[in-house]
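Source file: start.txt (compact mmCIF, C-alpha atoms)
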# COMPACT_ATOMS: atom_id res chain seq x y z
CA PHE A 1 115.90 155.33 144.11
CA GLN A 2 119.65 155.66 143.88
CA VAL A 3 121.59 153.49 141.53
CA ARG A 4 125.31 153.54 141.76
CA VAL A 5 127.97 151.76 139.77
CA VAL A 6 131.54 151.59 140.92
CA LEU A 7 134.39 150.24 138.85
CA LYS A 8 137.69 149.57 140.49
CA TYR A 9 140.75 148.71 138.53
CA ARG A 10 144.00 147.71 140.16
CA HIS A 11 146.87 147.40 137.81
CA CYS A 12 149.32 146.27 140.42
CA ASP A 13 147.05 143.48 141.55
CA GLY A 14 145.94 142.79 138.05
CA ASN A 15 142.23 142.69 138.63
CA LEU A 16 139.03 144.52 138.01
CA CYS A 17 136.03 144.88 140.21
CA ILE A 18 132.62 146.23 139.37
CA LYS A 19 129.86 146.89 141.82
CA VAL A 20 126.27 147.89 141.18
CA THR A 21 123.95 148.85 143.94
CA ASP A 22 120.53 150.39 144.08
CA ASP A 23 120.39 150.57 147.82
CA VAL A 24 118.31 147.46 147.81
CA ALA A 25 120.56 144.93 146.21
CA CYS A 26 124.26 144.92 145.68
CA LEU A 27 126.04 143.05 142.94
CA LEU A 28 129.74 142.62 142.88
CA TYR A 29 131.83 141.13 140.14
CA ARG A 30 135.53 140.63 140.36
CA THR A 31 137.84 139.32 137.72
CA ASP A 32 141.45 139.03 136.84
CA GLN A 33 140.95 137.83 133.29
CA ALA A 34 141.69 139.97 130.31
CA GLN A 35 138.74 138.56 128.44
CA ASP A 36 136.39 139.98 131.03
CA VAL A 37 137.53 143.51 130.48
CA LYS A 38 135.54 143.68 127.31
CA LYS A 39 132.44 142.36 129.01
CA ILE A 40 132.74 144.73 131.89
CA GLU A 41 133.33 147.62 129.62
CA LYS A 42 130.24 146.76 127.59
CA PHE A 43 128.24 146.32 130.72
CA HIS A 44 129.41 149.64 131.99
CA SER A 45 128.32 151.32 128.81
CA GLN A 46 124.92 149.73 129.11
CA LEU A 47 124.55 151.09 132.57
CA MET A 48 125.58 154.50 131.41
CA ARG A 49 123.01 154.37 128.66
CA LEU A 50 120.28 153.38 131.06
CA MET A 51 121.08 156.26 133.26
CA VAL A 52 120.75 158.82 130.54
CA ALA A 53 117.68 157.25 129.08
CA LYS A 54 114.55 159.23 129.72
CA GLU A 55 112.17 156.37 130.07
CA SER A 56 112.01 154.97 133.51
CA ARG A 57 111.53 151.50 132.24
CA SER A 58 114.85 149.82 131.79
CA ALA A 59 115.19 146.57 129.99
CA THR A 60 118.47 145.08 130.95
CA MET A 61 119.38 141.77 129.75
CA GLU A 62 122.58 139.99 130.24
CA THR A 63 123.76 138.76 133.50
CA ASP A 64 127.01 137.00 133.62
CA GLN B 1 137.83 167.60 128.29
CA PHE B 2 137.03 164.99 130.81
CA LEU B 3 138.22 162.26 128.53
CA THR B 4 141.66 163.77 128.28
CA GLU B 5 141.87 163.94 132.01
CA LEU B 6 140.71 160.40 132.31
CA THR B 7 143.29 159.23 129.82
CA ARG B 8 145.96 160.96 131.79
CA LEU B 9 144.68 159.44 134.97
CA PHE B 10 144.90 155.95 133.62
CA GLN B 11 148.30 156.56 132.19
CA LYS B 12 149.54 157.89 135.44
CA CYS B 13 148.50 154.86 137.46
CA ARG B 14 149.56 152.29 135.01
CA THR B 15 152.26 151.11 137.28
CA SER B 16 151.14 152.38 140.57
CA GLY B 17 147.76 151.45 141.75
CA SER B 18 144.04 151.60 141.58
CA VAL B 19 141.64 153.58 139.51
CA PHE B 20 138.15 154.03 140.85
CA ILE B 21 135.36 154.93 138.54
CA THR B 22 131.87 155.72 139.66
CA LEU B 23 128.73 156.15 137.66
CA LYS B 24 125.65 157.67 139.23
CA LYS B 25 122.32 158.79 137.94
CA TYR B 26 122.12 162.51 138.09
CA ASP B 27 118.92 164.38 138.61
CA GLY B 28 120.10 167.87 138.07
CA ARG B 29 119.79 169.09 141.57
CA THR B 30 122.52 171.40 142.65
CA LYS B 31 121.39 172.32 146.10
CA PRO B 32 120.04 170.05 148.79
CA VAL B 33 116.30 169.88 149.27
CA PRO B 34 115.40 172.40 151.92
CA ARG B 35 113.73 171.10 154.99
CA LYS B 36 110.81 173.42 155.11
CA GLY B 37 108.72 171.99 152.32
CA HIS B 38 109.75 174.60 149.82
CA ALA B 39 108.62 173.22 146.49
CA GLU B 40 111.32 172.70 143.97
CA SER B 41 111.35 175.46 141.47
CA PHE B 42 112.77 173.43 138.63
CA GLU B 43 112.23 170.11 137.00
CA PRO B 44 114.85 167.60 137.89
CA ALA B 45 116.21 166.33 134.63
CA ASP B 46 116.13 162.63 134.33
CA ASN B 47 118.53 162.01 131.56
CA LYS B 48 121.93 162.75 132.86
CA CYS B 49 124.48 160.83 134.78
CA LEU B 50 127.48 161.68 136.80
CA LEU B 51 130.75 160.02 136.07
CA ARG B 52 133.71 160.19 138.41
CA ALA B 53 137.23 158.90 138.28
CA THR B 54 139.99 158.97 140.80
CA ASP B 55 143.33 157.45 141.42
CA GLY B 56 143.09 157.89 145.13
CA LYS B 57 144.63 161.31 145.06
CA LYS B 58 143.24 163.23 142.17
CA LYS B 59 139.56 163.28 141.39
CA ILE B 60 137.84 164.21 138.18
CA SER B 61 134.18 164.19 137.36
CA THR B 62 131.78 165.08 134.63
CA VAL B 63 128.10 165.06 133.84
CA VAL B 64 127.03 163.11 130.81
CA SER B 65 123.74 163.76 129.09
CA SER B 66 121.99 161.67 126.51
CA LYS B 67 123.39 163.82 123.74
CA GLU B 68 126.93 163.21 124.81
CA VAL B 69 126.56 159.66 125.88
CA ASN B 70 127.13 158.23 122.44
CA LYS B 71 130.29 160.12 121.75
CA PHE B 72 131.46 159.72 125.28
CA GLN B 73 130.88 156.02 125.36
CA MET B 74 132.92 155.30 122.30
CA ALA B 75 135.92 157.09 123.60
CA TYR B 76 135.32 155.83 127.07
CA SER B 77 135.12 152.16 126.17
CA ASN B 78 138.27 152.42 124.12
CA LEU B 79 139.92 153.98 127.07
CA LEU B 80 138.79 151.28 129.45
CA ARG B 81 139.88 148.54 127.17
CA ALA B 82 143.18 150.09 126.31
CA ASN B 83 144.11 150.64 129.89
CA MET B 84 142.87 147.58 131.63
CA ASP B 85 145.30 145.34 129.96
CA GLY B 86 147.22 144.24 132.98
CA LEU B 87 144.93 141.33 133.53
CA LYS B 88 145.71 137.72 132.95
CA LYS B 89 145.13 136.39 129.55
CA LYS B 90 143.72 132.94 129.28
CA ASP B 91 143.88 131.36 125.89
CA LYS B 92 144.45 127.75 125.21
CA LYS B 93 146.26 128.13 121.99
CA SER B 94 148.60 131.05 122.17
CA LYS B 95 150.45 131.06 118.96
CA ASN B 96 152.70 133.99 119.56
CA LYS B 97 154.00 135.43 122.73
CA LYS B 98 153.15 138.99 121.91
CA SER B 99 149.63 139.05 120.60
CA LYS B 100 147.90 142.31 120.13
CA ALA B 101 144.15 142.32 120.24
CA THR B 102 142.71 144.00 117.20
CA GLN B 103 139.27 145.49 117.18
Would you give me this structure, written as structure tokens?
Amino acid sequence: FQVRVVLKYRHCDGNLCIKVTDDVACLLYRTDQAQDVKKIEKFHSQLMRLMVAKESRSATMETD
Amino acid sequence: QFLTELTRLFQKCRTSGSVFITLKKYDGRTKPVPRKGHAESFEPADNKCLLRATDGKKKISTVVSSKEVNKFQMAYSNLLRANMDGLKKKDKKSKNKKSKATQ
């Protein structure tokens, strides 16, 4: 029922963490690579789009 | 409005610490569901989401609807990418020391 996405960026540690949970499953992705920032940012946009989409059917694709 | 705040937030913690960003699906409910089976008098809207950002001290939040999501996303992704640049770069052939990523 509840989907939550949390993005945590730590400049001093130099890493980025993204977590997605729907209260059933929890996915966590952590990276310290600059090349992943683009992926995470795209992923985050996808999630945002899904959340504002009216249809309840969500077709998500890429898993990395 | 929110984007300006968010930009400032990122700028502020560039050297100091963490930035937490949360994205939640928002159903338009502003008051908790009452216990006594009182039927909801309005339709929960299904096409909005709640976006929050904090640096541990200051918190900002906004509601994004499908109309705003396009505009918001463009600015927002630029913001994310521009600010999360403290990460390690891994390229085999680095020609110049200072390489700026162009998009």
If you take all atoms listed in the file and a cut-off of 10 Å, which residues of chain B touch chain A, and what are their nearest atom pairs and distances in Å to one decimal, in chain and number order, as a Markdown table?
| residue | atom | partner | partner_atom | distance |
| --- | --- | --- | --- | --- |
| B:Phe10 | CA | A:Tyr9 | CA | 9.7 |
| B:Cys13 | CA | A:His11 | CA | 7.6 |
| B:Arg14 | CA | A:His11 | CA | 6.2 |
| B:Thr15 | CA | A:Cys12 | CA | 6.5 |
| B:Ser16 | CA | A:Cys12 | CA | 6.4 |
| B:Gly17 | CA | A:Arg10 | CA | 5.5 |
| B:Ser18 | CA | A:Arg10 | CA | 4.1 |
| B:Val19 | CA | A:Tyr9 | CA | 5.0 |
| B:Phe20 | CA | A:Lys8 | CA | 4.5 |
| B:Ile21 | CA | A:Leu7 | CA | 4.8 |
| B:Thr22 | CA | A:Val6 | CA | 4.3 |
| B:Leu23 | CA | A:Val5 | CA | 4.9 |
| B:Lys24 | CA | A:Arg4 | CA | 4.9 |
| B:Lys25 | CA | A:Met51 | CA | 5.5 |
| B:Tyr26 | CA | A:Met51 | CA | 8.0 |
| B:Asp27 | CA | A:Met51 | CA | 10.0 |
| B:Ala45 | CA | A:Lys54 | CA | 8.8 |
| B:Asp46 | CA | A:Lys54 | CA | 5.9 |
| B:Asn47 | CA | A:Val52 | CA | 4.0 |
| B:Lys48 | CA | A:Val52 | CA | 4.7 |
| B:Cys49 | CA | A:Met51 | CA | 5.9 |
| B:Leu50 | CA | A:Met51 | CA | 9.1 |
| B:Leu51 | CA | A:Met48 | CA | 8.9 |
| B:Arg52 | CA | A:Val6 | CA | 9.2 |
| B:Ala53 | CA | A:Leu7 | CA | 9.1 |
| B:Thr54 | CA | A:Lys8 | CA | 9.7 |
| B:Asp55 | CA | A:Tyr9 | CA | 9.6 |
| B:Val64 | CA | A:Val52 | CA | 7.6 |
| B:Ser65 | CA | A:Val52 | CA | 6.0 |
| B:Ser66 | CA | A:Val52 | CA | 5.1 |
| B:Lys67 | CA | A:Val52 | CA | 8.8 |
| B:Glu68 | CA | A:Val52 | CA | 9.5 |
| B:Val69 | CA | A:Arg49 | CA | 7.0 |
| B:Asn70 | CA | A:Arg49 | CA | 8.4 |
| B:Phe72 | CA | A:Ser45 | CA | 9.6 |
| B:Gln73 | CA | A:Ser45 | CA | 6.4 |
| B:Met74 | CA | A:Ser45 | CA | 8.9 |
| B:Tyr76 | CA | A:Ser45 | CA | 8.5 |
| B:Ser77 | CA | A:Glu41 | CA | 6.0 |
| B:Asn78 | CA | A:Glu41 | CA | 8.8 |
| B:Leu79 | CA | A:Glu41 | CA | 9.5 |
| B:Leu80 | CA | A:Glu41 | CA | 6.6 |
| B:Arg81 | CA | A:Val37 | CA | 6.5 |
| B:Ala82 | CA | A:Val37 | CA | 9.6 |
| B:Asn83 | CA | A:His11 | CA | 9.0 |
| B:Met84 | CA | A:Val37 | CA | 6.8 |
| B:Asp85 | CA | A:Ala34 | CA | 6.5 |
| B:Gly86 | CA | A:Gly14 | CA | 5.4 |
| B:Leu87 | CA | A:Ala34 | CA | 4.8 |
| B:Lys88 | CA | A:Gln33 | CA | 4.8 |
| B:Lys89 | CA | A:Ala34 | CA | 5.0 |
| B:Lys90 | CA | A:Gln33 | CA | 6.9 |
| B:Asp91 | CA | A:Gln35 | CA | 9.2 |
Query raised in the report: In Å, how far is it from atom CA of B:Leu3 to atom CA of A:Leu27?
Result: 26.9 Å
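Taking atom CA of B:Ser61 as the reference point, atom CA of B:Ala75 is found at 15.6 Å.
Between atom CA of B:Leu9 and atom CA of B:Lys58 the separation is 8.3 Å.
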